[in-house]
>>> print(open('run.cif').read())   # mmCIF, N, CA and C atoms
data_data
loop_
_atom_site.label_atom_id
_atom_site.label_comp_id
_atom_site.auth_asym_id
_atom_site.auth_seq_id
_atom_site.Cartn_x
_atom_site.Cartn_y
_atom_site.Cartn_z
N MET A 1 -39.21 -29.30 39.47
CA MET A 1 -40.55 -29.08 38.94
C MET A 1 -40.45 -28.19 37.70
N ALA A 2 -41.04 -28.62 36.62
CA ALA A 2 -41.05 -27.81 35.40
C ALA A 2 -42.08 -26.70 35.57
N ARG A 3 -41.71 -25.52 35.20
CA ARG A 3 -42.59 -24.37 35.35
C ARG A 3 -42.91 -23.78 33.98
N ARG A 4 -44.10 -23.28 33.86
CA ARG A 4 -44.48 -22.53 32.66
C ARG A 4 -44.22 -21.06 32.98
N VAL A 5 -43.39 -20.44 32.17
CA VAL A 5 -42.90 -19.09 32.44
C VAL A 5 -43.35 -18.13 31.35
N PHE A 6 -43.77 -16.93 31.77
CA PHE A 6 -44.09 -15.87 30.82
C PHE A 6 -42.88 -14.95 30.72
N PHE A 7 -42.42 -14.69 29.51
CA PHE A 7 -41.30 -13.78 29.27
C PHE A 7 -41.85 -12.45 28.77
N SER A 8 -41.57 -11.39 29.52
CA SER A 8 -42.01 -10.04 29.19
C SER A 8 -40.82 -9.25 28.67
N PHE A 9 -41.01 -8.58 27.53
CA PHE A 9 -39.91 -7.81 26.94
C PHE A 9 -40.47 -6.81 25.95
N LYS A 10 -39.70 -5.79 25.67
CA LYS A 10 -40.07 -4.83 24.63
C LYS A 10 -39.70 -5.45 23.28
N TYR A 11 -40.57 -5.31 22.31
CA TYR A 11 -40.38 -6.05 21.05
C TYR A 11 -39.04 -5.74 20.36
N GLU A 12 -38.48 -4.57 20.58
CA GLU A 12 -37.18 -4.25 19.98
C GLU A 12 -36.08 -5.19 20.47
N ASP A 13 -36.31 -5.85 21.59
CA ASP A 13 -35.34 -6.80 22.15
C ASP A 13 -35.68 -8.25 21.81
N VAL A 14 -36.50 -8.47 20.81
CA VAL A 14 -36.98 -9.82 20.53
C VAL A 14 -35.84 -10.80 20.24
N SER A 15 -34.81 -10.39 19.52
CA SER A 15 -33.72 -11.33 19.21
C SER A 15 -32.96 -11.70 20.49
N ARG A 16 -32.79 -10.74 21.39
CA ARG A 16 -32.15 -11.04 22.67
C ARG A 16 -33.05 -11.94 23.52
N ALA A 17 -34.34 -11.62 23.51
CA ALA A 17 -35.30 -12.42 24.26
C ALA A 17 -35.32 -13.86 23.76
N MET A 18 -35.18 -14.04 22.46
CA MET A 18 -35.16 -15.40 21.90
C MET A 18 -33.98 -16.21 22.42
N VAL A 19 -32.84 -15.58 22.63
CA VAL A 19 -31.68 -16.29 23.19
C VAL A 19 -32.04 -16.84 24.56
N VAL A 20 -32.65 -16.01 25.39
CA VAL A 20 -33.02 -16.43 26.74
C VAL A 20 -34.12 -17.48 26.69
N ARG A 21 -35.15 -17.22 25.92
CA ARG A 21 -36.26 -18.16 25.81
C ARG A 21 -35.79 -19.51 25.29
N ASN A 22 -34.98 -19.50 24.26
CA ASN A 22 -34.50 -20.76 23.68
C ASN A 22 -33.65 -21.55 24.65
N SER A 23 -32.90 -20.86 25.50
CA SER A 23 -32.11 -21.59 26.49
C SER A 23 -33.04 -22.25 27.51
N TRP A 24 -34.15 -21.60 27.82
CA TRP A 24 -35.14 -22.16 28.74
C TRP A 24 -35.83 -23.37 28.12
N VAL A 25 -36.26 -23.23 26.89
CA VAL A 25 -36.95 -24.32 26.20
C VAL A 25 -35.99 -25.50 25.96
N ALA A 26 -34.72 -25.21 25.68
CA ALA A 26 -33.73 -26.27 25.45
C ALA A 26 -33.55 -27.15 26.69
N GLN A 27 -33.89 -26.60 27.84
CA GLN A 27 -33.77 -27.36 29.08
C GLN A 27 -35.05 -28.13 29.40
N GLY A 28 -35.95 -28.19 28.42
CA GLY A 28 -37.15 -29.02 28.56
C GLY A 28 -38.29 -28.36 29.31
N THR A 29 -38.32 -27.06 29.33
CA THR A 29 -39.38 -26.35 30.03
C THR A 29 -40.23 -25.58 29.03
N GLU A 30 -41.30 -24.96 29.52
CA GLU A 30 -42.25 -24.33 28.61
C GLU A 30 -42.27 -22.81 28.80
N ALA A 31 -42.27 -22.11 27.69
CA ALA A 31 -42.31 -20.65 27.70
C ALA A 31 -43.61 -20.16 27.10
N ALA A 32 -44.10 -19.06 27.64
CA ALA A 32 -45.30 -18.41 27.10
C ALA A 32 -44.94 -16.98 26.77
N GLY A 33 -45.81 -16.33 26.00
CA GLY A 33 -45.65 -14.91 25.76
C GLY A 33 -44.83 -14.54 24.55
N PHE A 34 -44.60 -15.47 23.64
CA PHE A 34 -43.87 -15.13 22.43
C PHE A 34 -44.82 -15.10 21.26
N ILE A 35 -44.67 -14.08 20.47
CA ILE A 35 -45.53 -13.89 19.29
C ILE A 35 -44.65 -13.25 18.22
N ASP A 36 -44.80 -13.68 16.99
CA ASP A 36 -43.95 -13.07 15.96
C ASP A 36 -44.51 -11.72 15.55
N ALA A 37 -43.70 -10.96 14.84
CA ALA A 37 -44.05 -9.56 14.50
C ALA A 37 -45.36 -9.46 13.74
N ALA A 38 -45.57 -10.33 12.78
CA ALA A 38 -46.79 -10.27 11.97
C ALA A 38 -48.02 -10.54 12.83
N ASP A 39 -47.94 -11.54 13.71
CA ASP A 39 -49.06 -11.84 14.60
C ASP A 39 -49.32 -10.68 15.56
N PHE A 40 -48.25 -10.10 16.11
CA PHE A 40 -48.42 -8.99 17.04
C PHE A 40 -49.06 -7.80 16.34
N GLU A 41 -48.64 -7.51 15.12
CA GLU A 41 -49.24 -6.39 14.38
C GLU A 41 -50.73 -6.63 14.16
N ALA A 42 -51.11 -7.88 13.91
CA ALA A 42 -52.53 -8.21 13.72
C ALA A 42 -53.31 -7.97 15.01
N VAL A 43 -52.75 -8.38 16.14
CA VAL A 43 -53.40 -8.15 17.43
C VAL A 43 -53.46 -6.66 17.72
N LYS A 44 -52.35 -5.95 17.46
CA LYS A 44 -52.27 -4.52 17.74
C LYS A 44 -53.32 -3.72 16.96
N ARG A 45 -53.57 -4.12 15.73
CA ARG A 45 -54.57 -3.42 14.90
C ARG A 45 -55.97 -3.52 15.51
N LYS A 46 -56.20 -4.52 16.33
CA LYS A 46 -57.51 -4.71 16.96
C LYS A 46 -57.69 -3.83 18.19
N GLY A 47 -56.60 -3.17 18.64
CA GLY A 47 -56.73 -2.22 19.74
C GLY A 47 -56.20 -2.72 21.07
N ASP A 48 -56.21 -1.79 22.02
CA ASP A 48 -55.65 -2.06 23.34
C ASP A 48 -56.33 -3.23 24.06
N THR A 49 -57.63 -3.32 23.94
CA THR A 49 -58.35 -4.41 24.61
C THR A 49 -57.89 -5.76 24.08
N ALA A 50 -57.69 -5.85 22.78
CA ALA A 50 -57.22 -7.11 22.18
C ALA A 50 -55.82 -7.46 22.68
N ILE A 51 -54.96 -6.46 22.81
CA ILE A 51 -53.61 -6.71 23.31
C ILE A 51 -53.68 -7.20 24.76
N LYS A 52 -54.46 -6.52 25.59
CA LYS A 52 -54.60 -6.95 26.99
C LYS A 52 -55.16 -8.36 27.07
N ASN A 53 -56.15 -8.66 26.25
CA ASN A 53 -56.72 -10.01 26.26
C ASN A 53 -55.69 -11.06 25.85
N TRP A 54 -54.85 -10.74 24.85
CA TRP A 54 -53.80 -11.66 24.43
C TRP A 54 -52.81 -11.88 25.57
N ILE A 55 -52.38 -10.80 26.22
CA ILE A 55 -51.44 -10.92 27.34
C ILE A 55 -52.06 -11.76 28.45
N ASP A 56 -53.30 -11.45 28.81
CA ASP A 56 -53.99 -12.20 29.88
C ASP A 56 -54.03 -13.69 29.56
N LYS A 57 -54.33 -14.01 28.31
CA LYS A 57 -54.40 -15.43 27.89
C LYS A 57 -53.03 -16.08 27.99
N GLN A 58 -51.98 -15.37 27.58
CA GLN A 58 -50.63 -15.93 27.65
C GLN A 58 -50.17 -16.16 29.09
N LEU A 59 -50.64 -15.34 30.01
CA LEU A 59 -50.26 -15.48 31.41
C LEU A 59 -50.98 -16.64 32.10
N GLU A 60 -52.09 -17.11 31.52
CA GLU A 60 -52.83 -18.22 32.13
C GLU A 60 -51.93 -19.44 32.27
N GLY A 61 -51.94 -20.02 33.46
CA GLY A 61 -51.18 -21.25 33.71
C GLY A 61 -49.70 -21.03 33.96
N THR A 62 -49.25 -19.79 34.01
CA THR A 62 -47.85 -19.51 34.32
C THR A 62 -47.72 -19.28 35.82
N SER A 63 -46.52 -19.53 36.35
CA SER A 63 -46.28 -19.29 37.77
C SER A 63 -45.22 -18.23 38.00
N VAL A 64 -44.48 -17.88 36.95
CA VAL A 64 -43.41 -16.89 37.06
C VAL A 64 -43.40 -16.03 35.80
N THR A 65 -43.12 -14.74 35.99
CA THR A 65 -42.91 -13.82 34.89
C THR A 65 -41.48 -13.33 34.95
N VAL A 66 -40.77 -13.49 33.84
CA VAL A 66 -39.39 -13.02 33.73
C VAL A 66 -39.41 -11.79 32.83
N VAL A 67 -38.99 -10.64 33.38
CA VAL A 67 -38.91 -9.41 32.62
C VAL A 67 -37.50 -9.31 32.04
N LEU A 68 -37.40 -9.32 30.72
CA LEU A 68 -36.13 -9.23 30.03
C LEU A 68 -35.86 -7.76 29.72
N VAL A 69 -34.85 -7.21 30.37
CA VAL A 69 -34.63 -5.77 30.36
C VAL A 69 -33.52 -5.38 29.40
N GLY A 70 -33.90 -4.56 28.43
CA GLY A 70 -32.95 -4.00 27.48
C GLY A 70 -32.91 -2.49 27.59
N GLY A 71 -32.56 -1.84 26.52
CA GLY A 71 -32.34 -0.41 26.53
C GLY A 71 -33.56 0.45 26.73
N GLU A 72 -34.74 -0.03 26.33
CA GLU A 72 -35.93 0.81 26.40
C GLU A 72 -37.11 0.11 27.06
N THR A 73 -36.86 -0.94 27.81
CA THR A 73 -37.93 -1.73 28.38
C THR A 73 -38.85 -0.91 29.27
N SER A 74 -38.27 0.00 30.05
CA SER A 74 -39.09 0.79 30.99
C SER A 74 -40.07 1.70 30.27
N ASP A 75 -39.87 1.96 28.98
CA ASP A 75 -40.78 2.79 28.20
C ASP A 75 -42.01 2.03 27.70
N SER A 76 -42.00 0.73 27.83
CA SER A 76 -43.09 -0.07 27.27
C SER A 76 -44.28 -0.15 28.21
N ARG A 77 -45.39 0.39 27.75
CA ARG A 77 -46.60 0.29 28.58
C ARG A 77 -47.09 -1.14 28.66
N TRP A 78 -46.77 -1.95 27.64
CA TRP A 78 -47.22 -3.34 27.68
C TRP A 78 -46.39 -4.16 28.65
N VAL A 79 -45.11 -3.89 28.76
CA VAL A 79 -44.31 -4.56 29.79
C VAL A 79 -44.85 -4.16 31.17
N GLN A 80 -45.16 -2.89 31.36
CA GLN A 80 -45.73 -2.45 32.64
C GLN A 80 -47.04 -3.18 32.93
N TYR A 81 -47.88 -3.32 31.91
CA TYR A 81 -49.14 -4.05 32.09
C TYR A 81 -48.87 -5.52 32.46
N GLU A 82 -47.91 -6.14 31.79
CA GLU A 82 -47.57 -7.54 32.08
C GLU A 82 -47.08 -7.71 33.51
N ILE A 83 -46.31 -6.75 34.00
CA ILE A 83 -45.84 -6.80 35.38
C ILE A 83 -47.02 -6.66 36.34
N GLU A 84 -47.86 -5.66 36.10
CA GLU A 84 -49.02 -5.44 36.97
C GLU A 84 -49.94 -6.66 36.99
N LYS A 85 -50.20 -7.21 35.81
CA LYS A 85 -51.07 -8.38 35.72
C LYS A 85 -50.43 -9.59 36.40
N SER A 86 -49.13 -9.73 36.28
CA SER A 86 -48.41 -10.84 36.92
C SER A 86 -48.52 -10.74 38.44
N ILE A 87 -48.38 -9.54 38.97
CA ILE A 87 -48.54 -9.33 40.41
C ILE A 87 -49.97 -9.67 40.82
N GLU A 88 -50.93 -9.21 40.03
CA GLU A 88 -52.35 -9.46 40.32
C GLU A 88 -52.67 -10.94 40.41
N ILE A 89 -52.10 -11.76 39.52
CA ILE A 89 -52.42 -13.20 39.52
C ILE A 89 -51.50 -14.00 40.43
N GLY A 90 -50.53 -13.33 41.06
CA GLY A 90 -49.66 -14.01 42.02
C GLY A 90 -48.44 -14.69 41.44
N ASN A 91 -48.04 -14.31 40.24
CA ASN A 91 -46.83 -14.89 39.66
C ASN A 91 -45.59 -14.42 40.42
N GLY A 92 -44.59 -15.27 40.48
CA GLY A 92 -43.28 -14.84 40.92
C GLY A 92 -42.72 -13.92 39.85
N LEU A 93 -41.87 -12.98 40.25
CA LEU A 93 -41.30 -12.01 39.31
C LEU A 93 -39.80 -11.91 39.49
N LEU A 94 -39.12 -11.70 38.37
CA LEU A 94 -37.69 -11.39 38.40
C LEU A 94 -37.35 -10.67 37.11
N GLY A 95 -36.22 -9.99 37.13
CA GLY A 95 -35.73 -9.31 35.94
C GLY A 95 -34.39 -9.87 35.53
N ILE A 96 -34.13 -9.87 34.23
CA ILE A 96 -32.83 -10.30 33.69
C ILE A 96 -32.38 -9.26 32.68
N ASP A 97 -31.17 -8.76 32.86
CA ASP A 97 -30.56 -7.81 31.92
C ASP A 97 -30.15 -8.57 30.66
N VAL A 98 -30.75 -8.19 29.53
CA VAL A 98 -30.41 -8.82 28.25
C VAL A 98 -29.65 -7.86 27.33
N SER A 99 -29.30 -6.70 27.85
CA SER A 99 -28.72 -5.65 27.00
C SER A 99 -27.38 -6.04 26.38
N LYS A 100 -26.65 -6.93 26.99
CA LYS A 100 -25.33 -7.31 26.46
C LYS A 100 -25.39 -8.54 25.55
N ILE A 101 -26.58 -9.07 25.34
CA ILE A 101 -26.76 -10.13 24.34
C ILE A 101 -26.81 -9.43 22.98
N LYS A 102 -26.04 -9.91 22.03
CA LYS A 102 -26.02 -9.28 20.71
C LYS A 102 -27.32 -9.53 19.96
N ASP A 103 -27.80 -8.48 19.28
CA ASP A 103 -28.98 -8.63 18.44
C ASP A 103 -28.57 -9.24 17.10
N LEU A 104 -29.48 -9.31 16.15
CA LEU A 104 -29.20 -9.95 14.87
C LEU A 104 -28.14 -9.21 14.05
N GLN A 105 -27.93 -7.93 14.36
CA GLN A 105 -26.89 -7.16 13.67
C GLN A 105 -25.57 -7.17 14.44
N GLY A 106 -25.52 -7.89 15.57
CA GLY A 106 -24.30 -7.98 16.37
C GLY A 106 -24.13 -6.84 17.36
N ASN A 107 -25.18 -6.06 17.58
CA ASN A 107 -25.10 -4.92 18.49
C ASN A 107 -25.59 -5.27 19.88
N THR A 108 -25.03 -4.59 20.87
CA THR A 108 -25.55 -4.66 22.22
C THR A 108 -26.17 -3.30 22.54
N SER A 109 -26.77 -3.17 23.71
CA SER A 109 -27.36 -1.90 24.11
C SER A 109 -27.01 -1.63 25.57
N ASP A 110 -27.44 -0.50 26.06
CA ASP A 110 -27.31 -0.20 27.47
C ASP A 110 -28.62 -0.56 28.15
N ARG A 111 -28.53 -1.02 29.36
CA ARG A 111 -29.73 -1.36 30.12
C ARG A 111 -30.38 -0.09 30.61
N CYS A 112 -31.70 -0.03 30.54
CA CYS A 112 -32.43 1.18 30.94
C CYS A 112 -32.54 1.31 32.45
N CYS A 113 -32.67 0.19 33.16
CA CYS A 113 -32.94 0.23 34.59
C CYS A 113 -32.93 -1.19 35.14
N GLN A 114 -33.25 -1.32 36.40
CA GLN A 114 -33.50 -2.63 36.97
C GLN A 114 -35.00 -2.71 37.21
N MET A 115 -35.62 -3.67 36.58
CA MET A 115 -37.06 -3.83 36.75
C MET A 115 -37.42 -5.30 36.67
N PRO A 116 -38.48 -5.72 37.29
CA PRO A 116 -39.41 -4.92 38.06
C PRO A 116 -38.81 -4.49 39.40
N GLU A 117 -39.16 -3.30 39.84
CA GLU A 117 -38.61 -2.76 41.08
C GLU A 117 -39.05 -3.62 42.26
N GLY A 118 -38.08 -3.87 43.16
CA GLY A 118 -38.38 -4.63 44.37
C GLY A 118 -38.31 -6.13 44.21
N TYR A 119 -37.89 -6.59 43.04
CA TYR A 119 -37.80 -8.03 42.79
C TYR A 119 -36.36 -8.37 42.39
N PRO A 120 -35.97 -9.65 42.49
CA PRO A 120 -34.61 -10.02 42.12
C PRO A 120 -34.28 -9.63 40.68
N PHE A 121 -33.03 -9.25 40.46
CA PHE A 121 -32.57 -8.82 39.15
C PHE A 121 -31.21 -9.45 38.88
N TYR A 122 -31.05 -10.00 37.69
CA TYR A 122 -29.84 -10.75 37.34
C TYR A 122 -29.24 -10.24 36.04
N LEU A 123 -27.95 -10.46 35.89
CA LEU A 123 -27.23 -10.11 34.67
C LEU A 123 -26.97 -11.40 33.89
N TRP A 124 -27.53 -11.50 32.69
CA TRP A 124 -27.49 -12.74 31.91
C TRP A 124 -26.07 -13.28 31.77
N PHE A 125 -25.13 -12.45 31.33
CA PHE A 125 -23.77 -12.95 31.11
C PHE A 125 -22.97 -13.07 32.39
N LYS A 126 -22.92 -12.01 33.19
CA LYS A 126 -22.08 -12.01 34.39
C LYS A 126 -22.49 -13.07 35.40
N GLU A 127 -23.78 -13.39 35.41
CA GLU A 127 -24.28 -14.36 36.40
C GLU A 127 -24.67 -15.69 35.76
N ASP A 128 -24.14 -15.95 34.55
CA ASP A 128 -24.32 -17.23 33.86
C ASP A 128 -25.79 -17.65 33.78
N GLY A 129 -26.57 -16.79 33.13
CA GLY A 129 -28.00 -17.03 33.01
C GLY A 129 -28.35 -18.37 32.39
N TYR A 130 -27.57 -18.81 31.41
CA TYR A 130 -27.90 -20.07 30.75
C TYR A 130 -27.98 -21.20 31.78
N ASN A 131 -27.02 -21.24 32.68
CA ASN A 131 -26.98 -22.31 33.68
C ASN A 131 -27.76 -22.01 34.95
N ASN A 132 -28.05 -20.75 35.23
CA ASN A 132 -28.65 -20.39 36.51
C ASN A 132 -30.10 -19.94 36.43
N MET A 133 -30.63 -19.70 35.24
CA MET A 133 -31.98 -19.17 35.12
C MET A 133 -33.01 -20.08 35.79
N GLY A 134 -32.87 -21.37 35.69
CA GLY A 134 -33.81 -22.28 36.34
C GLY A 134 -33.88 -22.06 37.84
N ASP A 135 -32.72 -21.85 38.47
CA ASP A 135 -32.68 -21.57 39.91
C ASP A 135 -33.33 -20.23 40.21
N TRP A 136 -33.06 -19.21 39.37
CA TRP A 136 -33.64 -17.90 39.58
C TRP A 136 -35.17 -17.97 39.52
N ILE A 137 -35.65 -18.71 38.53
CA ILE A 137 -37.10 -18.85 38.35
C ILE A 137 -37.71 -19.59 39.53
N GLU A 138 -37.06 -20.64 39.98
CA GLU A 138 -37.57 -21.41 41.11
C GLU A 138 -37.62 -20.55 42.37
N LYS A 139 -36.60 -19.75 42.61
CA LYS A 139 -36.59 -18.86 43.77
C LYS A 139 -37.75 -17.85 43.70
N ALA A 140 -37.99 -17.30 42.51
CA ALA A 140 -39.08 -16.34 42.34
C ALA A 140 -40.43 -17.01 42.58
N ALA A 141 -40.58 -18.23 42.09
CA ALA A 141 -41.83 -18.96 42.28
C ALA A 141 -42.07 -19.21 43.77
N LYS A 142 -41.06 -19.66 44.46
CA LYS A 142 -41.20 -19.94 45.90
C LYS A 142 -41.47 -18.67 46.69
N ALA A 143 -40.82 -17.57 46.31
CA ALA A 143 -41.06 -16.30 46.99
C ALA A 143 -42.52 -15.86 46.85
N ALA A 144 -43.16 -16.25 45.75
CA ALA A 144 -44.56 -15.90 45.51
C ALA A 144 -45.52 -16.97 46.06
N GLY A 145 -44.96 -18.03 46.62
CA GLY A 145 -45.80 -19.09 47.17
C GLY A 145 -46.29 -20.08 46.14
N ASN A 146 -45.61 -20.15 45.01
CA ASN A 146 -46.00 -21.08 43.93
C ASN A 146 -45.13 -22.33 43.94
#
>>> encode(input="run.cif", output="structure tokens")
Amino acid sequence: MARRVFFSFKYEDVSRAMVVRNSWVAQGTEAAGFIDAADFEAVKRKGDTAIKNWIDKQLEGTSVTVVLVGGETSDSRWVQYEIEKSIEIGNGLLGIDVSKIKDLQGNTSDRCCQMPEGYPFYLWFKEDGYNNMGDWIEKAAKAAGN
């Protein structure tokens, strides 16, 4: 079953997030929750309510939220909001460590934590995320009853 998935991440990890998202889309599935920097800045200028409304709209029709965890993800209030909202709407949840994916400058980072707490957490490289992410997402969806 093809699933529509919301990818939650701190914007500083956008290049790493794109690697994960693109691997998902390349497998013929649909991703939500991506916005380029210029569009995000436009939404951000409109205030917190506009950001929440954008997130809420992106979550519509999704069954799973994948939290892409890098060096500072736990500091993001918007990632926290996305997790809370995902739980509220009944999405399956899982985390994937993206810290060892190289950014556009060829750098990696250290992972800040395992999040979301209490949900499955995977290591993109060590656990072959490219080939296994579909299974991880399906398990999260089933765990949530989706």
>>> atom_distance(input="run.cif", atom1="atom C of A:Val98", atom2="atom CA of A:Gly70")
5.1 Å
>>> atom_distance(input="run.cif", atom1="atom C of A:Asp97", atom2="atom CA of A:Asp110")
9.4 Å
>>> residues_around(input="run.cif", residues="stretch 137-143 of chain A", least_positions_apart="5", cutoff="7 Å", atoms="only N, CA and C atoms", output="VMD selection string")
chain A and resid 63 to 64 91 to 94 132
>>> resolve_selection(input="run.cif", expression="the PyMOL selection byres ((chain A and resi 50-59) around 8)", output="ChimeraX atom specification")
/A:5-7,31-34,43-49,60-63,81-82,85-86
>>> write_last_selection(input="run.cif", atoms="N, CA and C atoms", output="short mmCIF file (atom, residue, chain, number, x, y, z; two decimals), keeping the file's coordinate frame")
data_model
loop_
_atom_site.label_atom_id
_atom_site.label_comp_id
_atom_site.auth_asym_id
_atom_site.auth_seq_id
_atom_site.Cartn_x
_atom_site.Cartn_y
_atom_site.Cartn_z
N VAL A 5 -43.39 -20.44 32.17
CA VAL A 5 -42.90 -19.09 32.44
C VAL A 5 -43.35 -18.13 31.35
N PHE A 6 -43.77 -16.93 31.77
CA PHE A 6 -44.09 -15.87 30.82
C PHE A 6 -42.88 -14.95 30.72
N PHE A 7 -42.42 -14.69 29.51
CA PHE A 7 -41.30 -13.78 29.27
C PHE A 7 -41.85 -12.45 28.77
N ALA A 31 -42.27 -22.11 27.69
CA ALA A 31 -42.31 -20.65 27.70
C ALA A 31 -43.61 -20.16 27.10
N ALA A 32 -44.10 -19.06 27.64
CA ALA A 32 -45.30 -18.41 27.10
C ALA A 32 -44.94 -16.98 26.77
N GLY A 33 -45.81 -16.33 26.00
CA GLY A 33 -45.65 -14.91 25.76
C GLY A 33 -44.83 -14.54 24.55
N PHE A 34 -44.60 -15.47 23.64
CA PHE A 34 -43.87 -15.13 22.43
C PHE A 34 -44.82 -15.10 21.26
N VAL A 43 -52.75 -8.38 16.14
CA VAL A 43 -53.40 -8.15 17.43
C VAL A 43 -53.46 -6.66 17.72
N LYS A 44 -52.35 -5.95 17.46
CA LYS A 44 -52.27 -4.52 17.74
C LYS A 44 -53.32 -3.72 16.96
N ARG A 45 -53.57 -4.12 15.73
CA ARG A 45 -54.57 -3.42 14.90
C ARG A 45 -55.97 -3.52 15.51
N LYS A 46 -56.20 -4.52 16.33
CA LYS A 46 -57.51 -4.71 16.96
C LYS A 46 -57.69 -3.83 18.19
N GLY A 47 -56.60 -3.17 18.64
CA GLY A 47 -56.73 -2.22 19.74
C GLY A 47 -56.20 -2.72 21.07
N ASP A 48 -56.21 -1.79 22.02
CA ASP A 48 -55.65 -2.06 23.34
C ASP A 48 -56.33 -3.23 24.06
N THR A 49 -57.63 -3.32 23.94
CA THR A 49 -58.35 -4.41 24.61
C THR A 49 -57.89 -5.76 24.08
N GLU A 60 -52.09 -17.11 31.52
CA GLU A 60 -52.83 -18.22 32.13
C GLU A 60 -51.93 -19.44 32.27
N GLY A 61 -51.94 -20.02 33.46
CA GLY A 61 -51.18 -21.25 33.71
C GLY A 61 -49.70 -21.03 33.96
N THR A 62 -49.25 -19.79 34.01
CA THR A 62 -47.85 -19.51 34.32
C THR A 62 -47.72 -19.28 35.82
N SER A 63 -46.52 -19.53 36.35
CA SER A 63 -46.28 -19.29 37.77
C SER A 63 -45.22 -18.23 38.00
N TYR A 81 -47.88 -3.32 31.91
CA TYR A 81 -49.14 -4.05 32.09
C TYR A 81 -48.87 -5.52 32.46
N GLU A 82 -47.91 -6.14 31.79
CA GLU A 82 -47.57 -7.54 32.08
C GLU A 82 -47.08 -7.71 33.51
N LYS A 85 -50.20 -7.21 35.81
CA LYS A 85 -51.07 -8.38 35.72
C LYS A 85 -50.43 -9.59 36.40
N SER A 86 -49.13 -9.73 36.28
CA SER A 86 -48.41 -10.84 36.92
C SER A 86 -48.52 -10.74 38.44
#
>>> resolve_selection(input="run.cif", expression="the PyMOL selection byres ((chain A and resi 67) around 5)", output="PyMOL selection string")
chain A and resi 8+65-66+68-69+94-96
>>> resolve_selection(input="run.cif", expression="the PyMOL selection byres (((chain A and resi 99 and name CA) around 10) and name CA)", output="PyMOL selection string")
chain A and resi 13+16-17+68-72+96-98+100-103+107-112+123-125
>>> residues_around(input="run.cif", residues="A:Gly129", least_positions_apart="6", cutoff="8 Å", atoms="all atoms listed in the file", output="VMD selection string")
chain A and resid 20 23 122 to 123
>>> atom_distance(input="run.cif", atom1="atom CA of A:Ala144", atom2="atom CA of A:Arg77")
23.5 Å
